[in-house]
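Structure first, then comments.
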There are 2 protein chains.
Amino acid sequence: MMREEWKRRRELVEKTLEAELDAPHILDETLGKSMLYSLMAGGKRLRPMLLMASADAVGGNGDDYIKAACALEMIHTYSLIHDDLPAMDNDDYRRGKLTNHKVFGAGMATLAGDALLTMAFEVLLRQKGVSDSAKVRIVRELSVAAGPNGMVGGQAIDLESEGKRIDCETLYKMHMGKTGALFRAAVRMGAILAGADEDSLAALTHYAEQFGLAFQITDDILDVTGDEAKIGKPVGSDERNQKSTYVTLTSLDEAKKLASDAVTEAKTALLPMGERAAFLSELADYLISRDH
Amino acid sequence: MMREEWKRRRELVEKTLEAELDAPHILDETLGKSMLYSLMAGGKRLRPMLLMASADAVGGNGDDYIKAACALEMIHTYSLIHDDLPAMDNDDYRRGKLTNHKVFGAGMATLAGDALLTMAFEVLLRQKGVSDSAKVRIVRELSVAAGPNGMVGGQAIDLESEGKRIDCETLYKMHMGKTGALFRAAVRMGAILAGADEDSLAALTHYAEQFGLAFQITDDILDVTGDEAKIGKPVGSDERNQKSTYVTLTSLDEAKKLASDAVTEAKTALLPMGERAAFLSELADYLISRDH
């Protein structure tokens, strides 16, 4: 059931993103193409799913918050474009396609990232059926989560840790920033938009934090056990690049147990919400069963 | 009189920016240093001045909107950091100091720019004494002005025009995006924050557009007639780089006339606001008299 709902919503996200980026809206044609190239390069649309499923979980209808969901995907996409740049990870391929800068050049890729990041806030405000006070709250959630104390902060720790062994605490801080903060914001934004009370918001925040942890550990596990064609990058690259991961810092078995515990804790946090949280619960299960 | 007011407010901006970037607030220490390095590298703080002076012009007190003013400076600073990157203009110096990436590396400089851009929205929302509905309006102004149809769009046109002769229309579009959009947003945000009526907002918007035009033409003139030490870059670089400018597309005399006409028109738009618009009026005068 989740698979079909996921597919339907993924298509809704992609249709909405395409409409937002409709060429005549963008001052420079190449810039528009570059933004759209990465936005439409596939992906699971996990952050929009989390936002929408979180709205469901507190009695709303996730579909109603499609613009806010798309804003999250724009932020995520910009972070991938900048992360792939020669000055950062210098990757030529992502999800089997050439990275943005390999197609449009590093200058245009930098600008496409900047544009997606900035425009995300504009799209967020185009969310309909929401009070100004809720809008202010979700803009705050997004800017804090994506900024120097969230996603960009995590990226900076990552950049500084290159070729260094780091301890578990730094690894945790890095991932809570790099990927955890945006997952957390996605879930919180969905809950805020659908008018969640404080208890539900706290429970969903806990879910999101455990979800983020499990996601990252699974990523590290897949780097060791995954299928190259499916994960879209060479297996064992973390080891070769001397990257500290949950697997290198503990063991494969220990990492699997950590991931499984985090998923259990995430799902436990959902119990008070009952059936309405089914999608969120299945998303957590998907995390440790995924193969890419 | 204006000089003293400008100095006082510049110091207020710098003190506030420093407090916002206070080290313990930032997840990664180097990232915080990199952000602060460029924020504190001097500059006229023209965009914060415009916001505050615009609030004055409609009967408010610009000082009350210092956080919103700082958000603008953060956006401006991020754009300079990214603009200087090897993948963009590849500049080693700005205002006589090493550019961000020469000190922190291109990866960290990219992140510092991303962080300043994102955090600007957070700082904007920390603006006190403002209704949620005004906050939503100013977030919208800023995201539209700084995004793909504003500043980043202008940068993209610039990147694509490198080494090409472009026509006057493209040049105008480029500058209205690259610098004009943020000037316009600064003035409009100040007016909105101070509760301007629609007529004043329209008049101030017209002022800002002419101000932006005059600013850019003067920049082009200074590239020909300026003092290298004062403008901080080699004189005649536009000509050598085959850059189309208002001077190369018309003539030095014609460009001077265009700038002077734009300033006159900008000041005329202020007439209904009388004495309260004195600072804005002097800022426009300063534009064509400046030597850097």
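Labels used: A, B, ... for chains in the order of the structure tokens, numbers from 1 for residues in each chain, and numbers from 1 for ligands as shown.
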Test item: chain A residues at most 8 Å from chain B, counting only C-alpha atoms, as a PyMOL selection string: chain A and resi 25-28+30-32+82+87-88+106-108+110-111+114-119+121-122+125+132-133+135-136+139-140+143-144+146-150+152-157+159
May I have the residues from that selection written out with N, CA and C atoms, as a short mmCIF file (atom, residue, chain, number, x, y, z; two decimals), in the first residue's frame?
data_model
loop_
_atom_site.label_atom_id
_atom_site.label_comp_id
_atom_site.auth_asym_id
_atom_site.auth_seq_id
_atom_site.Cartn_x
_atom_site.Cartn_y
_atom_site.Cartn_z
N HIS A 25 9.60 31.54 -16.07
CA HIS A 25 9.74 32.14 -14.74
C HIS A 25 11.17 32.52 -14.41
N ILE A 26 12.12 31.95 -15.09
CA ILE A 26 13.51 32.13 -14.70
C ILE A 26 14.22 33.10 -15.64
N LEU A 27 14.91 34.08 -15.04
CA LEU A 27 15.55 35.16 -15.78
C LEU A 27 16.52 34.65 -16.83
N ASP A 28 17.31 33.66 -16.47
CA ASP A 28 18.32 33.14 -17.38
C ASP A 28 17.99 31.70 -17.74
N THR A 30 19.62 29.15 -19.17
CA THR A 30 20.54 28.07 -18.76
C THR A 30 20.43 27.80 -17.27
N LEU A 31 20.29 28.86 -16.49
CA LEU A 31 20.13 28.68 -15.05
C LEU A 31 18.90 27.82 -14.75
N GLY A 32 17.80 28.13 -15.41
CA GLY A 32 16.57 27.35 -15.24
C GLY A 32 16.78 25.89 -15.61
N HIS A 82 25.94 21.30 -4.74
CA HIS A 82 27.14 21.91 -4.17
C HIS A 82 28.10 20.83 -3.63
N ALA A 87 35.23 21.63 -5.92
CA ALA A 87 35.80 22.16 -4.67
C ALA A 87 35.35 21.35 -3.45
N MET A 88 34.34 20.51 -3.63
CA MET A 88 33.84 19.70 -2.51
C MET A 88 34.20 18.23 -2.79
N ALA A 106 31.12 24.38 -13.39
CA ALA A 106 31.09 24.58 -11.93
C ALA A 106 30.47 25.92 -11.55
N GLY A 107 30.68 26.95 -12.38
CA GLY A 107 30.10 28.26 -12.07
C GLY A 107 28.58 28.20 -12.09
N MET A 108 28.03 27.66 -13.18
CA MET A 108 26.57 27.59 -13.30
C MET A 108 25.99 26.65 -12.24
N THR A 110 27.18 26.15 -9.24
CA THR A 110 27.16 26.92 -7.99
C THR A 110 25.91 27.79 -7.95
N LEU A 111 25.65 28.49 -9.05
CA LEU A 111 24.49 29.38 -9.11
C LEU A 111 23.17 28.61 -9.06
N ASP A 114 22.60 27.87 -5.48
CA ASP A 114 22.19 29.10 -4.79
C ASP A 114 20.73 29.44 -5.11
N ALA A 115 20.37 29.28 -6.37
CA ALA A 115 19.02 29.64 -6.81
C ALA A 115 17.97 28.72 -6.20
N LEU A 116 18.27 27.42 -6.16
CA LEU A 116 17.32 26.46 -5.57
C LEU A 116 17.14 26.73 -4.08
N LEU A 117 18.24 27.01 -3.41
CA LEU A 117 18.18 27.30 -1.98
C LEU A 117 17.32 28.54 -1.72
N THR A 118 17.57 29.59 -2.46
CA THR A 118 16.83 30.84 -2.25
C THR A 118 15.36 30.70 -2.63
N MET A 119 15.12 30.06 -3.77
CA MET A 119 13.76 29.94 -4.27
C MET A 119 12.91 29.02 -3.39
N PHE A 121 12.50 29.17 -0.32
CA PHE A 121 11.74 29.99 0.63
C PHE A 121 10.54 30.66 -0.05
N GLU A 122 10.72 31.01 -1.30
CA GLU A 122 9.61 31.60 -2.07
C GLU A 122 8.50 30.55 -2.26
N LEU A 125 6.50 29.86 0.83
CA LEU A 125 5.48 30.87 1.13
C LEU A 125 4.29 30.79 0.18
N ASP A 132 -0.39 33.01 8.51
CA ASP A 132 0.91 33.67 8.49
C ASP A 132 1.78 33.20 9.65
N SER A 133 1.15 32.93 10.78
CA SER A 133 1.95 32.52 11.93
C SER A 133 2.57 31.14 11.69
N LYS A 135 3.28 30.01 8.71
CA LYS A 135 4.31 30.25 7.69
C LYS A 135 5.62 30.71 8.31
N VAL A 136 5.50 31.63 9.26
CA VAL A 136 6.71 32.11 9.94
C VAL A 136 7.41 30.94 10.64
N VAL A 139 9.16 28.69 7.97
CA VAL A 139 10.36 29.33 7.42
C VAL A 139 11.50 29.23 8.43
N ARG A 140 11.17 29.43 9.71
CA ARG A 140 12.19 29.33 10.74
C ARG A 140 12.75 27.91 10.82
N SER A 143 15.05 27.36 7.78
CA SER A 143 16.31 28.11 7.74
C SER A 143 17.27 27.63 8.83
N VAL A 144 16.74 27.28 10.00
CA VAL A 144 17.62 26.76 11.05
C VAL A 144 18.17 25.39 10.64
N ALA A 146 18.58 24.05 7.69
CA ALA A 146 19.45 24.01 6.51
C ALA A 146 20.71 24.85 6.69
N GLY A 147 20.78 25.63 7.75
CA GLY A 147 21.86 26.61 7.92
C GLY A 147 23.10 26.09 8.63
N PRO A 148 23.91 27.02 9.16
CA PRO A 148 25.21 26.67 9.75
C PRO A 148 25.10 25.80 11.01
N ASN A 149 23.95 25.75 11.64
CA ASN A 149 23.80 24.85 12.78
C ASN A 149 23.06 23.58 12.40
N GLY A 150 22.79 23.43 11.13
CA GLY A 150 22.14 22.24 10.63
C GLY A 150 22.93 21.66 9.47
N VAL A 152 24.36 22.77 6.60
CA VAL A 152 25.66 23.31 6.16
C VAL A 152 26.73 23.09 7.23
N GLY A 153 26.34 23.17 8.48
CA GLY A 153 27.28 22.89 9.57
C GLY A 153 27.81 21.46 9.48
N GLY A 154 26.91 20.52 9.21
CA GLY A 154 27.31 19.13 9.06
C GLY A 154 28.26 18.94 7.88
N GLN A 155 27.95 19.62 6.79
CA GLN A 155 28.82 19.55 5.61
C GLN A 155 30.22 20.08 5.94
N ALA A 156 30.26 21.14 6.74
CA ALA A 156 31.56 21.73 7.10
C ALA A 156 32.37 20.76 7.95
N ILE A 157 31.70 20.09 8.91
CA ILE A 157 32.40 19.09 9.72
C ILE A 157 32.94 17.98 8.80
N LEU A 159 33.73 18.18 5.61
CA LEU A 159 34.85 18.72 4.84
C LEU A 159 36.13 18.74 5.68
#
Close residues, Asp91 (chain B) itself excluded, 12 Å, only C-alpha atoms, min 6 positions apart in chain, as a list in words: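 The residues that qualify are Leu80, Ile81, His82, Asp83, Asp84, Leu85, Lys97, Leu98, Thr99, Asn100, His101, Lys102, Ala106, Gly232, Lys233 and Pro234 of chain B.
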Please dump the current selection as a compact mmCIF listing (two decimals), in the first residue's frame; keep N, CA, C and O atoms.
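Contents of part-v2.txt, as written:
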# COMPACT_ATOMS: atom_id res chain seq x y z
N LEU B 80 29.07 37.84 -2.70
CA LEU B 80 30.47 38.21 -2.99
C LEU B 80 31.39 37.00 -2.86
O LEU B 80 32.28 36.79 -3.69
N ILE B 81 31.18 36.21 -1.80
CA ILE B 81 32.02 35.02 -1.59
C ILE B 81 31.91 34.07 -2.78
O ILE B 81 32.92 33.62 -3.33
N HIS B 82 30.68 33.77 -3.20
CA HIS B 82 30.50 32.85 -4.32
C HIS B 82 31.00 33.46 -5.63
O HIS B 82 31.57 32.77 -6.46
N ASP B 83 30.80 34.76 -5.79
CA ASP B 83 31.24 35.44 -7.00
C ASP B 83 32.76 35.38 -7.17
O ASP B 83 33.27 35.32 -8.28
N ASP B 84 33.46 35.42 -6.06
CA ASP B 84 34.94 35.42 -6.10
C ASP B 84 35.54 34.03 -6.33
O ASP B 84 36.73 33.91 -6.60
N LEU B 85 34.73 32.98 -6.19
CA LEU B 85 35.24 31.59 -6.27
C LEU B 85 35.99 31.31 -7.57
O LEU B 85 35.67 31.92 -8.61
N LYS B 97 41.71 42.80 0.77
CA LYS B 97 41.96 41.62 1.61
C LYS B 97 41.83 40.36 0.76
O LYS B 97 41.13 40.35 -0.26
N LEU B 98 42.51 39.29 1.19
CA LEU B 98 42.36 38.02 0.48
C LEU B 98 40.89 37.61 0.45
O LEU B 98 40.17 37.82 1.43
N THR B 99 40.47 37.05 -0.66
CA THR B 99 39.09 36.58 -0.73
C THR B 99 38.92 35.35 0.16
O THR B 99 39.89 34.71 0.56
N ASN B 100 37.67 35.04 0.45
CA ASN B 100 37.36 33.97 1.40
C ASN B 100 38.03 32.64 1.03
O ASN B 100 38.65 31.99 1.87
N HIS B 101 37.95 32.26 -0.23
CA HIS B 101 38.49 30.95 -0.62
C HIS B 101 40.02 30.93 -0.60
O HIS B 101 40.60 29.85 -0.48
N LYS B 102 40.66 32.11 -0.71
CA LYS B 102 42.12 32.13 -0.59
C LYS B 102 42.55 31.85 0.85
O LYS B 102 43.64 31.38 1.10
N ALA B 106 38.26 26.68 -1.34
CA ALA B 106 37.03 26.87 -2.12
C ALA B 106 35.85 26.09 -1.54
O ALA B 106 34.70 26.54 -1.62
N GLY B 232 39.85 49.28 -5.48
CA GLY B 232 40.28 47.96 -5.04
C GLY B 232 40.42 46.95 -6.16
O GLY B 232 40.48 45.75 -5.92
N LYS B 233 40.43 47.40 -7.40
CA LYS B 233 40.72 46.50 -8.52
C LYS B 233 41.35 47.31 -9.64
O LYS B 233 41.23 48.55 -9.66
N PRO B 234 42.06 46.66 -10.56
CA PRO B 234 42.76 47.41 -11.60
C PRO B 234 41.79 48.21 -12.46
O PRO B 234 40.73 47.70 -12.85
B:Ala284, B:Val130, B:Val224, B:Leu72 ranked by distance to Ala181 (chain B), top pick (using only C-alpha atoms): B:Leu72
DSSP alpha helix (DSSP H) residues within region 19-237 of chain A, listed as a PyMOL selection string: chain A and resi 19-20+29-39+46-57+66-84+100-104+106-125+132-146+151-161+168-175+181-193+198-225+228-231+237
Could you write those residues out with C-alpha atoms, as a compact mmCIF listing (two decimals), in the first residue's frame?
# COMPACT_ATOMS: atom_id res chain seq x y z
CA ALA A 19 5.51 23.74 -12.73
CA GLU A 20 7.42 25.94 -10.26
CA GLU A 29 17.41 30.12 -19.51
CA THR A 30 20.54 28.07 -18.76
CA LEU A 31 20.13 28.68 -15.05
CA GLY A 32 16.57 27.35 -15.24
CA LYS A 33 17.73 24.28 -17.17
CA SER A 34 20.49 23.62 -14.69
CA MET A 35 18.11 23.83 -11.72
CA LEU A 36 15.60 21.56 -13.43
CA TYR A 37 18.26 19.06 -14.50
CA SER A 38 19.11 18.21 -10.92
CA LEU A 39 15.58 18.52 -9.57
CA LEU A 46 12.10 11.14 0.98
CA ARG A 47 11.92 14.59 2.59
CA PRO A 48 8.66 15.55 0.87
CA MET A 49 7.27 12.12 1.86
CA LEU A 50 8.20 12.72 5.49
CA LEU A 51 6.54 16.13 5.51
CA MET A 52 3.34 14.81 3.95
CA ALA A 53 3.21 11.64 6.05
CA SER A 54 3.75 13.71 9.18
CA ALA A 55 0.78 15.91 8.31
CA ASP A 56 -1.27 12.72 7.83
CA ALA A 57 -0.13 11.47 11.23
CA ILE A 66 2.72 19.92 -1.52
CA LYS A 67 4.43 23.33 -1.92
CA ALA A 68 6.15 23.08 1.43
CA ALA A 69 7.15 19.52 0.55
CA CYS A 70 8.66 20.76 -2.73
CA ALA A 71 10.61 23.47 -0.91
CA LEU A 72 12.36 20.71 1.06
CA GLU A 73 13.26 18.84 -2.10
CA MET A 74 14.73 22.06 -3.55
CA ILE A 75 16.94 22.47 -0.48
CA HIS A 76 18.01 18.83 -0.65
CA THR A 77 18.80 19.12 -4.37
CA TYR A 78 20.87 22.29 -3.93
CA SER A 79 22.92 20.53 -1.25
CA LEU A 80 23.66 17.64 -3.61
CA ILE A 81 24.74 20.01 -6.42
CA HIS A 82 27.14 21.91 -4.17
CA ASP A 83 28.36 18.70 -2.51
CA ASP A 84 29.34 17.25 -5.90
CA ASN A 100 25.30 19.21 -12.55
CA HIS A 101 28.72 20.79 -12.96
CA LYS A 102 29.81 18.14 -15.48
CA VAL A 103 26.93 19.29 -17.68
CA PHE A 104 26.70 23.03 -16.94
CA ALA A 106 31.09 24.58 -11.93
CA GLY A 107 30.10 28.26 -12.07
CA MET A 108 26.57 27.59 -13.30
CA ALA A 109 26.23 24.64 -10.89
CA THR A 110 27.16 26.92 -7.99
CA LEU A 111 24.49 29.38 -9.11
CA ALA A 112 21.88 26.65 -9.67
CA GLY A 113 22.42 25.54 -6.07
CA ASP A 114 22.19 29.10 -4.79
CA ALA A 115 19.02 29.64 -6.81
CA LEU A 116 17.32 26.46 -5.57
CA LEU A 117 18.18 27.30 -1.98
CA THR A 118 16.83 30.84 -2.25
CA MET A 119 13.76 29.94 -4.27
CA ALA A 120 12.83 27.23 -1.75
CA PHE A 121 11.74 29.99 0.63
CA GLU A 122 9.61 31.60 -2.07
CA VAL A 123 7.92 28.28 -2.87
CA LEU A 124 7.43 27.62 0.84
CA LEU A 125 5.48 30.87 1.13
CA ASP A 132 0.91 33.67 8.49
CA SER A 133 1.95 32.52 11.93
CA ALA A 134 2.39 28.93 10.69
CA LYS A 135 4.31 30.25 7.69
CA VAL A 136 6.71 32.11 9.94
CA ARG A 137 7.23 28.93 11.96
CA ILE A 138 8.00 26.76 8.95
CA VAL A 139 10.36 29.33 7.42
CA ARG A 140 12.19 29.33 10.74
CA GLU A 141 12.31 25.52 10.88
CA LEU A 142 13.72 25.36 7.37
CA SER A 143 16.31 28.11 7.74
CA VAL A 144 17.62 26.76 11.05
CA ALA A 145 17.72 23.16 9.79
CA ALA A 146 19.45 24.01 6.51
CA MET A 151 22.86 20.93 7.17
CA VAL A 152 25.66 23.31 6.16
CA GLY A 153 27.28 22.89 9.57
CA GLY A 154 27.31 19.13 9.06
CA GLN A 155 28.82 19.55 5.61
CA ALA A 156 31.56 21.73 7.10
CA ILE A 157 32.40 19.09 9.72
CA ASP A 158 32.51 16.53 6.90
CA LEU A 159 34.85 18.72 4.84
CA GLU A 160 37.13 19.23 7.81
CA SER A 161 37.17 15.52 8.67
CA CYS A 168 31.66 8.74 17.43
CA GLU A 169 30.51 12.05 18.88
CA THR A 170 31.82 14.08 15.95
CA LEU A 171 30.36 11.55 13.53
CA TYR A 172 26.98 11.86 15.23
CA LYS A 173 27.15 15.68 15.17
CA MET A 174 28.14 15.64 11.52
CA HIS A 175 25.24 13.44 10.46
CA ALA A 181 18.41 18.27 10.50
CA LEU A 182 16.46 18.32 7.24
CA PHE A 183 14.59 15.08 8.07
CA ARG A 184 13.71 16.62 11.40
CA ALA A 185 12.52 19.83 9.75
CA ALA A 186 10.48 17.86 7.22
CA VAL A 187 8.58 16.02 9.93
CA ARG A 188 8.16 19.09 12.12
CA MET A 189 7.00 21.26 9.22
CA GLY A 190 4.35 18.71 8.24
CA ALA A 191 3.12 18.55 11.83
CA ILE A 192 3.07 22.35 12.24
CA LEU A 193 1.24 22.83 8.95
CA GLU A 198 2.80 20.16 21.39
CA ASP A 199 2.77 16.49 22.46
CA SER A 200 2.43 15.22 18.92
CA LEU A 201 5.10 17.64 17.72
CA ALA A 202 7.51 16.36 20.37
CA ALA A 203 6.75 12.72 19.55
CA LEU A 204 7.22 13.32 15.83
CA THR A 205 10.47 15.19 16.47
CA HIS A 206 11.76 12.16 18.36
CA TYR A 207 10.66 9.91 15.50
CA ALA A 208 12.50 12.13 13.02
CA GLU A 209 15.74 12.13 15.02
CA GLN A 210 15.79 8.34 15.23
CA PHE A 211 14.81 8.12 11.58
CA GLY A 212 17.77 10.31 10.64
CA LEU A 213 20.14 8.22 12.70
CA ALA A 214 18.89 4.96 11.19
CA PHE A 215 19.10 6.46 7.70
CA GLN A 216 22.74 7.39 8.11
CA ILE A 217 23.80 4.09 9.67
CA THR A 218 22.08 2.24 6.83
CA ASP A 219 23.95 4.41 4.34
CA ASP A 220 27.21 3.40 5.96
CA ILE A 221 26.17 -0.28 5.92
CA LEU A 222 25.20 -0.11 2.23
CA ASP A 223 28.63 1.27 1.42
CA VAL A 224 29.99 -2.11 2.56
CA THR A 225 27.24 -4.56 1.64
CA GLU A 228 27.18 -0.94 -6.84
CA ALA A 229 24.59 -0.62 -9.62
CA LYS A 230 21.86 0.10 -7.09
CA ILE A 231 23.61 2.49 -4.73
CA SER A 237 34.56 3.85 -1.10
CA of Lys44 (chain B) to CA of Lys7 (chain B), distance in Å rounded to a single decimal: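 These atoms are spaced 9.2 Å apart.
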Atom pair CA of Thr179 (chain A) / CA of Asp197 (chain A): separation (Å):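 Taking CA of Thr179 (chain A) as the start and CA of Asp197 (chain A) as the end point, the length is 25.4 Å.
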